[in-house]
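Trainee: The structure is given below, and queries will be raised subsequently.
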Amino acid sequence: MISIKNVSKIYSNGARALSNINLEISKSEFVFLVGPSGAGKSTLIKLMYREEEATRGQVFIDTINLSRLNPKQVPLLRRRTGVIFQDFKLLPTKTVFENVAFAQQVIGKSKQEIKVNTLNILELVGLSRKKDSFPSELSGGEQQRVCVARALVNKPQILLADEPTGNLDIDNAWGIMELLDKINREGTTVVMATHAMHIVEKMAKRVVKVEEGRITDHKLGEAY
Amino acid sequence: MISIKNVSKIYSNGARALSNINLEISKSEFVFLVGPSGAGKSTLIKLMYREEEATRGQVFIDTINLSRLNPKQVPLLRRRTGVIFQDFKLLPTKTVFENVAFAQQVIGKSKQEIKVNTLNILELVGLSRKKDSFPSELSGGEQQRVCVARALVNKPQILLADEPTGNLDIDNAWGIMELLDKINREGTTVVMATHAMHIVEKMAKRVVKVEEGRITDHKLGEAY
Amino acid sequence: MLNQVSFVIVQALVSLKRNIWLTIASILTVMTALILLGGSVFFLANTSNLATSFESQIEIAVFINDNQNREQVIDLRNQIQVMAGVDTVELTAKEDAIIEFQESMGSSSLLEDLGGINPFPDKITVKATDARLVEGIANQIAEINGVDKVRYGQGILEKLIQFTDWLRWIGIAVVAAFAFASFLLITLNIKTNVNSRENEIQIMRLVGASNGLIKWPFFIEGLLLGFIGGIISIGIVGIGYNWLLQYIITTLAFLPVVADQMFMISVFALMLIGGMIMGVLASVFAVRKFLK
Amino acid sequence: MLNQVSFVIVQALVSLKRNIWLTIASILTVMTALILLGGSVFFLANTSNLATSFESQIEIAVFINDNQNREQVIDLRNQIQVMAGVDTVELTAKEDAIIEFQESMGSSSLLEDLGGINPFPDKITVKATDARLVEGIANQIAEINGVDKVRYGQGILEKLIQFTDWLRWIGIAVVAAFAFASFLLITLNIKTNVNSRENEIQIMRLVGASNGLIKWPFFIEGLLLGFIGGIISIGIVGIGYNWLLQYIITTLAFLPVVADQMFMISVFALMLIGGMIMGVLASVFAVRKFLK
Ligand SMILES: Nc1ncnc2c1ncn2[C@@H]1O[C@H](COP(=O)(O)OP(=O)(O)OP(=O)(O)O)[C@@H](O)[C@H]1O
Ligand SMILES: Nc1ncnc2c1ncn2[C@@H]1O[C@H](COP(=O)(O)OP(=O)(O)OP(=O)(O)O)[C@@H](O)[C@H]1O
Ligand SMILES: [Mg+2]
Ligand SMILES: [Mg+2]
């Protein structure tokens, strides 16, 4: 599903974020990315939905080589991919409802369908009461859950979650993890970067450890 | 030092964040605020540096009633207070160095002093190499550490930390906690909102639990 | 597809409403720009009209030889009448000429004072259709048998033409300057609008919005801003110009003015369409850089 | 204190450099605005000058009674000369008048043809210092003994004054419109600049910056933008106007132009200072709303 081959990433200011990374993730897998702050986890995830391009090496989604992707096709790739951003990236002039609805509007769903889906997913992340609030009127954890809802609502083939529980208390965090686990069991490939070691340990999935831009440790999960 | 009396906060969109809160924090105390997402922890902290004003009740810092504070004096209050914001709030057009320097320029320190202080604190949070990067060129955890450095650099009388370790791995998180503990032992009053229960437990300080805008539990730390 | 069209339109309207101050500022800007533009077009039209009316006052005075009799003079007049470029022809007989002069001197007995001798010749006054043809026509007439002398303010003519040309150029320069300023105002304003939403555009792209879905709401916003600003400015310019016309017609009747209905409607159409095109174009420029 | 002053200045310069595109756009805007403004001031000055020159061409023709001898006529002239509001006085003796008329008719023997009788009276041509005084002066002169008749284009005079007044008003309206457009352009542009940094301003306040520390860099930026834009536009307007003057003086010499050095320097100073003031004022407006 996701195949990363000899990838290095050097940002335009010269910062070296990744050095010669090789990683294969198959369909329906659940993979944790762990490692210290600044190790390159977010960069690795950004390569997978082409917010950034690899300086060297290739990134494949199925058989698509992302560095050869026509700019017009980038939106198509992103519609198959749900992303929980580390910094949320909510649209500030849209309400919670509209933010979640927007991700469905881009793929042309009908109004009725959008309404039902959005209300359902907001219920699941516990934000029904906040549906008409703007992002600036939410607490940190509430914003994070809106971001989770938006990423999940289209039942994407790939879910990329960058620190999705950093602003959540334990109960809320586990609620989110159950959602991710459920969508994974329904066939979605999940890649999650996190610092929450108690979650990583309890979930018992494949774990990839990144340090200073290199993969330094690799543990297979129980499913293997 | 900080005294909150019968405070309620209702935001202008009608959201009730705090209901009749009473809380006394004495000088040099270290207090954790815990509770689920959306409980009102950040709101409580925002009242203490007057980003928000109480709808009912009073907030005192020493003998100053914040709701009676002349707008011209708000900057003076904030210069005595260091804040680690949940969403970082770094100046996007300034480098890491300049962001930390800015907090010292506002109190009129000399150029030389600023330089020494800034380089020292960046060293402490492990960002010496990133001093010329802009915030958009940092990882989530790096941004968070810049925010910590900025809050600590003036050795404030009060330190308000809102989820200061949410984007940090365990090692970095403990590094930050040691800094907070050290500044607290030197006399700074520290109030920290967090979801990281392993930190709260290990630190053994006073803990205030907030739920749905009310204080529902209160544990004194070992020092008492 | 229909979902997306209605989405895009709703999107544009909601954004106009949520950014109400920006919307009002933009409409005011478009309005100012179009008022300047429309006003300057009326200025140009009137300047040019004034210049033409100056030019049309150039006459050729043709003095006839004393030895020509009345028939010959009338014949001469008819001959001139049909020449290319001649607009009007007027004959002043010598008898009328002395009476005119007598009146202008305030005397009533000049002819008697002069002992019955009339020193004036017959005169034909010729107007050309275009000031630029005057010199050629005058030279042709001078060749005709029976013509004594031809006068048309040589020297002055050239200067007058230069002056009126210059007036027209000034008018055009004013319109051009205002058109440029209008465009700058509108573009800058909409650019502000879009720039302040750069962040928003980036996020839309990250969640998979196609360029079209991002662009179209901005285009429609630009169109609407141009339309509303256009309508208001047409109202203001229309009322203002009509008031000016009334004023000039009642108190400065000798000044030629442009009051042609069709022309006014064309200018108003230009303002409305210009405003809408500028609105859309400005949006296109503003959005483009975010969508490589 | 000194630390803060140098900090504020460095702050402004760094921000101009980091937002280089915004800086260039702002300078271009200020430039356009000031060029429009400066150009329109020159337009106004020349329009007004032209109107004055039209007015100064109004003359009063005073015809003298035939029974006055030469001394009496000269006495009369001296009498008129010293009247309030009279600018110049010119005497045309009847002998000169007939010769002039003779030449204008193209004849060389008119006096002989007339049997030696000169029908022209002596004439004094009077110019007033101000067109508005003409009527009063003419009426006064008409009362004087020995004056036969006074003429000054009654009816036309009023219209001319109305027309030149109108020209001046148009000039002022153009300057006002451009000044307004300039201010709008500059304010809007700097507002963009500040708005796009709203977030930054909020953060500065949260870390304890006083209003002064936030405002001053913006004020200095506004001042610098106005200064640079002003200098460039003075160059362009200066060169452009000089070129226009050369053109008019060599080919349209009869058109009165304003080429006064002091006046030009004043306009340039106005542009520079105006640009700087507008820059600062725009910054003040733009920043104010963030600093309650
Ligand atoms: N846009 C950028 N430009 C330049 N350097 C960057 C950029 N983004 C990240 N970096 C640098 O690349 C390195 C890896 O960053 P990345 O965001 O991938 O880390 P991370 O593992 O996600 O860390 P964290 O856990 O703190 O979020 C860091 O040193 C960071 O400073
Ligand atoms: N600016 C605002 N306008 C309106 N409502 C707000 C605003 N800020 C917060 N709220 C609401 O007030 C309540 C408390 O928010 P607060 O940010 O204090 O929670 P928190 O305890 O910090 O949560 P978290 O752990 O998720 O950061 C929430 O329900 C939130 O939606
Ligand atoms: Mg990261
Ligand atoms: Mg919070």
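Naming scheme: A, B, ... for chains in displayed order of the structure tokens; residues 1 onward per chain; ligands 1 onward as shown.
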List the neighbours of Thr47 in chain C out to 8 Å using only C-alpha atoms; skip same-chain residues closer than 6 positions along the sequence, and give me the result as a compact mmCIF listing (two decimals) with C-alpha atoms, in the first residue's frame.

Mentor:
# COMPACT_ATOMS: atom_id res chain seq x y z
CA LEU C 167 -7.35 69.06 -24.63
CA ARG C 168 -8.40 65.68 -25.94
CA GLY C 171 -8.97 63.99 -21.28

Trainee: Just the residues within 6 Å of range 165-174 of chain B, please, counting only C-alpha atoms, with nothing from its chain fewer than 6 positions along; format it as a ChimeraX atom specification.

Mentor: /A:36-37,166-167,195 /B:141

Trainee: Would you mind exporting the chosen residues as a compact mmCIF listing (two decimals), in the first residue's frame, restricted to N, CA, C and O atoms?

Mentor:
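Generated output (out.txt):
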# COMPACT_ATOMS: atom_id res chain seq x y z
N PRO A 36 11.90 10.59 19.48
CA PRO A 36 11.96 11.88 20.17
C PRO A 36 11.47 13.05 19.32
O PRO A 36 11.30 12.92 18.11
N SER A 37 11.25 14.16 19.97
CA SER A 37 10.83 15.39 19.28
C SER A 37 11.87 15.79 18.24
O SER A 37 13.05 15.83 18.52
N GLY A 166 -2.50 14.21 21.68
CA GLY A 166 -1.60 15.06 22.47
C GLY A 166 -2.32 16.01 23.40
O GLY A 166 -1.81 16.39 24.44
N ASN A 167 -3.53 16.44 23.04
CA ASN A 167 -4.25 17.40 23.87
C ASN A 167 -5.46 16.77 24.55
O ASN A 167 -6.34 17.48 25.00
N HIS A 195 3.65 10.18 20.94
CA HIS A 195 4.56 10.10 22.08
C HIS A 195 3.93 9.33 23.23
O HIS A 195 4.57 9.13 24.26
N GLY B 141 7.05 19.45 18.59
CA GLY B 141 7.70 19.48 19.89
C GLY B 141 8.72 20.59 20.00
O GLY B 141 8.89 21.18 21.08

Trainee: Residues of chain A within 8 Å of chain C, counting only C-alpha atoms, what are they? List them as a list in words.

Mentor: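 My answer is Glu51, Pro71, Lys72, Val74, Pro75, Leu76, Leu77, Arg78, Arg79, Gly82, Val83, Lys89, Leu90, Leu91, Pro92, Thr93, Ala103, Gln105, Val106, Ile107, Gly108, Lys109, Ser110 and Lys111 of chain A.
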
Trainee: Please, which residues of range 3-223 of chain B, numbered as in this document, come out strand (DSSP E) from DSSP, as a count of residues only?

Mentor: 57

Trainee: Which residues, written as a PyMOL selection string, have at least one atom at most 10 Å from Thr29 in chain D, with only C-alpha atoms counted and residues fewer than 2 positions away on the same chain left out?

Mentor: (chain C and resi 181+184-185+188) or (chain D and resi 23-27+31-35+182+185-190+225-226+229)

Trainee: Could you pull the residues within 10 Å of Trp216 in chain D, counting only C-alpha atoms, minus those fewer than 3 positions along the same chain, as a VMD selection string?

Mentor: chain D and resid 5 8 to 9 11 to 12 211 to 213 219 to 222 280 283 to 284 287

Trainee: List all protein, DNA and RNA residues that have any atom at most 7 Å from ligand 2, counting only C-alpha atoms and all ligand atoms, and write the list as a VMD selection string.

Mentor: (chain A and resid 130 136 to 142 167 to 169) or (chain B and resid 11 to 13 15 to 17 35 to 44)

Trainee: Next, write the just-selected residues to a file, as a PDB file, in the first residue's frame, keeping N, CA and C atoms as the atom set.

Mentor:
ATOM      1  N   LYS A 130     -21.117  21.132  20.142  1.00  0.00           N
ATOM      2  CA  LYS A 130     -20.251  22.219  19.677  1.00  0.00           C
ATOM      3  C   LYS A 130     -20.334  22.415  18.173  1.00  0.00           C
ATOM      4  N   SER A 136     -11.920  28.848  16.925  1.00  0.00           N
ATOM      5  CA  SER A 136     -11.338  29.695  17.965  1.00  0.00           C
ATOM      6  C   SER A 136     -12.157  29.662  19.252  1.00  0.00           C
ATOM      7  N   GLU A 137     -13.357  29.071  19.192  1.00  0.00           N
ATOM      8  CA  GLU A 137     -14.190  29.006  20.389  1.00  0.00           C
ATOM      9  C   GLU A 137     -14.119  27.638  21.065  1.00  0.00           C
ATOM     10  N   LEU A 138     -13.135  26.833  20.651  1.00  0.00           N
ATOM     11  CA  LEU A 138     -13.030  25.487  21.218  1.00  0.00           C
ATOM     12  C   LEU A 138     -11.803  25.367  22.098  1.00  0.00           C
ATOM     13  N   SER A 139     -11.840  24.388  23.017  1.00  0.00           N
ATOM     14  CA  SER A 139     -10.641  24.075  23.788  1.00  0.00           C
ATOM     15  C   SER A 139      -9.692  23.286  22.890  1.00  0.00           C
ATOM     16  N   GLY A 140      -8.425  23.168  23.329  1.00  0.00           N
ATOM     17  CA  GLY A 140      -7.424  22.460  22.538  1.00  0.00           C
ATOM     18  C   GLY A 140      -7.877  21.048  22.174  1.00  0.00           C
ATOM     19  N   GLY A 141      -8.355  20.315  23.163  1.00  0.00           N
ATOM     20  CA  GLY A 141      -8.766  18.941  22.916  1.00  0.00           C
ATOM     21  C   GLY A 141      -9.966  18.862  21.978  1.00  0.00           C
ATOM     22  N   GLU A 142     -10.861  19.847  22.079  1.00  0.00           N
ATOM     23  CA  GLU A 142     -12.015  19.848  21.187  1.00  0.00           C
ATOM     24  C   GLU A 142     -11.592  20.065  19.739  1.00  0.00           C
ATOM     25  N   ASN A 167      -3.532  16.441  23.041  1.00  0.00           N
ATOM     26  CA  ASN A 167      -4.247  17.397  23.868  1.00  0.00           C
ATOM     27  C   ASN A 167      -5.456  16.770  24.553  1.00  0.00           C
ATOM     28  N   LEU A 168      -5.456  15.427  24.625  1.00  0.00           N
ATOM     29  CA  LEU A 168      -6.647  14.774  25.172  1.00  0.00           C
ATOM     30  C   LEU A 168      -6.344  14.065  26.488  1.00  0.00           C
ATOM     31  N   ASP A 169      -7.341  14.072  27.372  1.00  0.00           N
ATOM     32  CA  ASP A 169      -7.251  13.312  28.606  1.00  0.00           C
ATOM     33  C   ASP A 169      -7.357  11.822  28.278  1.00  0.00           C
TER      34      ASP A 169
ATOM     35  N   TYR B  11     -18.670  32.537  27.804  1.00  0.00           N
ATOM     36  CA  TYR B  11     -18.142  33.190  26.603  1.00  0.00           C
ATOM     37  C   TYR B  11     -19.261  33.880  25.838  1.00  0.00           C
ATOM     38  N   SER B  12     -18.869  34.795  24.945  1.00  0.00           N
ATOM     39  CA  SER B  12     -19.880  35.620  24.284  1.00  0.00           C
ATOM     40  C   SER B  12     -20.826  34.795  23.404  1.00  0.00           C
ATOM     41  N   ASN B  13     -20.424  33.607  23.008  1.00  0.00           N
ATOM     42  CA  ASN B  13     -21.355  32.773  22.238  1.00  0.00           C
ATOM     43  C   ASN B  13     -22.268  31.953  23.158  1.00  0.00           C
ATOM     44  N   ALA B  15     -21.304  29.872  25.622  1.00  0.00           N
ATOM     45  CA  ALA B  15     -20.722  28.658  26.208  1.00  0.00           C
ATOM     46  C   ALA B  15     -20.304  28.932  27.653  1.00  0.00           C
ATOM     47  N   ARG B  16     -20.771  28.086  28.555  1.00  0.00           N
ATOM     48  CA  ARG B  16     -20.434  28.249  29.961  1.00  0.00           C
ATOM     49  C   ARG B  16     -19.167  27.446  30.243  1.00  0.00           C
ATOM     50  N   ALA B  17     -18.065  28.126  30.562  1.00  0.00           N
ATOM     51  CA  ALA B  17     -16.788  27.441  30.741  1.00  0.00           C
ATOM     52  C   ALA B  17     -16.459  27.213  32.211  1.00  0.00           C
ATOM     53  N   GLY B  35      -8.214  17.353  34.365  1.00  0.00           N
ATOM     54  CA  GLY B  35      -9.632  17.233  34.034  1.00  0.00           C
ATOM     55  C   GLY B  35      -9.798  16.972  32.551  1.00  0.00           C
ATOM     56  N   PRO B  36     -10.982  16.502  32.177  1.00  0.00           N
ATOM     57  CA  PRO B  36     -11.189  16.118  30.780  1.00  0.00           C
ATOM     58  C   PRO B  36     -11.120  17.298  29.812  1.00  0.00           C
ATOM     59  N   SER B  37     -11.045  16.957  28.560  1.00  0.00           N
ATOM     60  CA  SER B  37     -11.002  17.968  27.506  1.00  0.00           C
ATOM     61  C   SER B  37     -12.259  18.831  27.552  1.00  0.00           C
ATOM     62  N   GLY B  38     -12.097  20.144  27.529  1.00  0.00           N
ATOM     63  CA  GLY B  38     -13.239  21.055  27.556  1.00  0.00           C
ATOM     64  C   GLY B  38     -13.734  21.360  28.950  1.00  0.00           C
ATOM     65  N   ALA B  39     -12.975  20.975  29.992  1.00  0.00           N
ATOM     66  CA  ALA B  39     -13.433  21.156  31.361  1.00  0.00           C
ATOM     67  C   ALA B  39     -13.350  22.622  31.799  1.00  0.00           C
ATOM     68  N   GLY B  40     -12.413  23.382  31.239  1.00  0.00           N
ATOM     69  CA  GLY B  40     -12.269  24.782  31.636  1.00  0.00           C
ATOM     70  C   GLY B  40     -10.893  25.124  32.173  1.00  0.00           C
ATOM     71  N   LYS B  41      -9.919  24.219  32.010  1.00  0.00           N
ATOM     72  CA  LYS B  41      -8.572  24.456  32.534  1.00  0.00           C
ATOM     73  C   LYS B  41      -7.934  25.674  31.850  1.00  0.00           C
ATOM     74  N   SER B  42      -7.965  25.685  30.510  1.00  0.00           N
ATOM     75  CA  SER B  42      -7.339  26.803  29.797  1.00  0.00           C
ATOM     76  C   SER B  42      -8.036  28.104  30.126  1.00  0.00           C
ATOM     77  N   THR B  43      -9.351  28.050  30.254  1.00  0.00           N
ATOM     78  CA  THR B  43     -10.095  29.270  30.581  1.00  0.00           C
ATOM     79  C   THR B  43      -9.634  29.825  31.919  1.00  0.00           C
ATOM     80  N   LEU B  44      -9.458  28.929  32.893  1.00  0.00           N
ATOM     81  CA  LEU B  44      -9.005  29.350  34.213  1.00  0.00           C
ATOM     82  C   LEU B  44      -7.637  30.029  34.117  1.00  0.00           C
TER      83      LEU B  44
END

Trainee: So which one's closest to chain D, C:Phe178, C:Phe227, C:Phe263, C:Trp21? Using only C-alpha atoms, please.

Mentor: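 Of the candidates, the smallest distance to chain D is held by C:Phe178.
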
Trainee: For atom 3 (N, counted along the ligand's line) of ligand 1 and CA of Ser196 in chain D, quote the distance in Å rounded to one decimal.

Mentor: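 We find that atom 3 (N, counted along the ligand's line) of ligand 1 and CA of Ser196 in chain D lie 21.5 Å from each other.
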
Trainee: Neighbouring residues of range 59-63 of chain A were defined as those with any atom within 9 Å, considering only C-alpha atoms; residues of the same chain fewer than 2 positions away were excluded. Please report them as a PyMOL selection string.

Mentor: chain A and resi 1-7+47-48+53-54+57+65-67+77

Trainee: Between B:Lys46, B:Arg185, B:Lys9, B:Lys205, which residue has the minimum interatomic distance to ligand 4, considering only C-alpha atoms and all ligand atoms?

Mentor: B:Lys46

Trainee: Name the closest residue to ligand 1 among the candidates A:Gln157, A:Ile64, A:Gln104, A:Phe85; distances are taken between atoms, counting only C-alpha atoms and all ligand atoms.

Mentor: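 Closest residue, counting only C-alpha atoms and all ligand atoms: A:Phe85.
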
Trainee: Which one is closest to chain C: D:Ile20, D:Ile161, D:Ala269, D:Ile172? Count only C-alpha atoms.

Mentor: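 Between D:Ile20, D:Ile161, D:Ala269, D:Ile172, the residue approaching chain C most closely is D:Ile161.
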
Trainee: As a VMD selection string, please: every residue in range 52-170 of chain A that a backbone DSSP assignment puts in alpha helix (DSSP H).

Mentor: chain A and resid 74 to 79 96 to 105 111 to 124 140 to 152 170

Trainee: Would you mind reading off the distance between CA of Ile60 in chain C and CA of Ile58 in chain D, one decimal, in Å?

Mentor: 24.9 Å

Trainee: Show me, as a list of chain:residue names, the residues that have an atom within 9 Å of Thr88 in chain D when counting only C-alpha atoms, minus same-chain residues fewer than 3 positions from it.

Mentor: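 Those residues are D:Gln81, D:Thr125, D:Val126, D:Lys127, D:Ala128, D:Thr129.
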
Trainee: I need the chosen residues saved as a short mmCIF file (atom, residue, chain, number, x, y, z; two decimals), in the first residue's frame, with N, CA, C and O atoms.

Mentor:
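In the end it all went to selection.cif:
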data_model
loop_
_atom_site.label_atom_id
_atom_site.label_comp_id
_atom_site.auth_asym_id
_atom_site.auth_seq_id
_atom_site.Cartn_x
_atom_site.Cartn_y
_atom_site.Cartn_z
N GLN D 81 -6.75 106.19 -16.04
CA GLN D 81 -5.56 105.47 -15.58
C GLN D 81 -5.52 105.29 -14.06
O GLN D 81 -5.15 104.23 -13.57
N THR D 125 -8.59 102.01 -24.73
CA THR D 125 -8.82 100.61 -24.35
C THR D 125 -8.34 100.41 -22.92
O THR D 125 -7.18 100.67 -22.61
N VAL D 126 -9.24 99.91 -22.06
CA VAL D 126 -8.93 99.79 -20.63
C VAL D 126 -8.96 98.33 -20.24
O VAL D 126 -9.88 97.60 -20.63
N LYS D 127 -7.95 97.89 -19.48
CA LYS D 127 -8.02 96.54 -18.89
C LYS D 127 -8.12 96.64 -17.38
O LYS D 127 -7.44 97.47 -16.77
N ALA D 128 -8.96 95.80 -16.82
CA ALA D 128 -9.14 95.84 -15.37
C ALA D 128 -8.21 94.82 -14.71
O ALA D 128 -7.75 93.88 -15.37
N THR D 129 -7.95 95.01 -13.44
CA THR D 129 -7.10 94.03 -12.74
C THR D 129 -7.86 92.73 -12.50
O THR D 129 -7.26 91.69 -12.33
#

Trainee: Measuring atom to atom with only C-alpha atoms, identify which of C:Met83, C:Met262, C:Val73, C:Leu252 is nearest to chain D.

Mentor: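 Closest to chain D of all the choices is C:Leu252.
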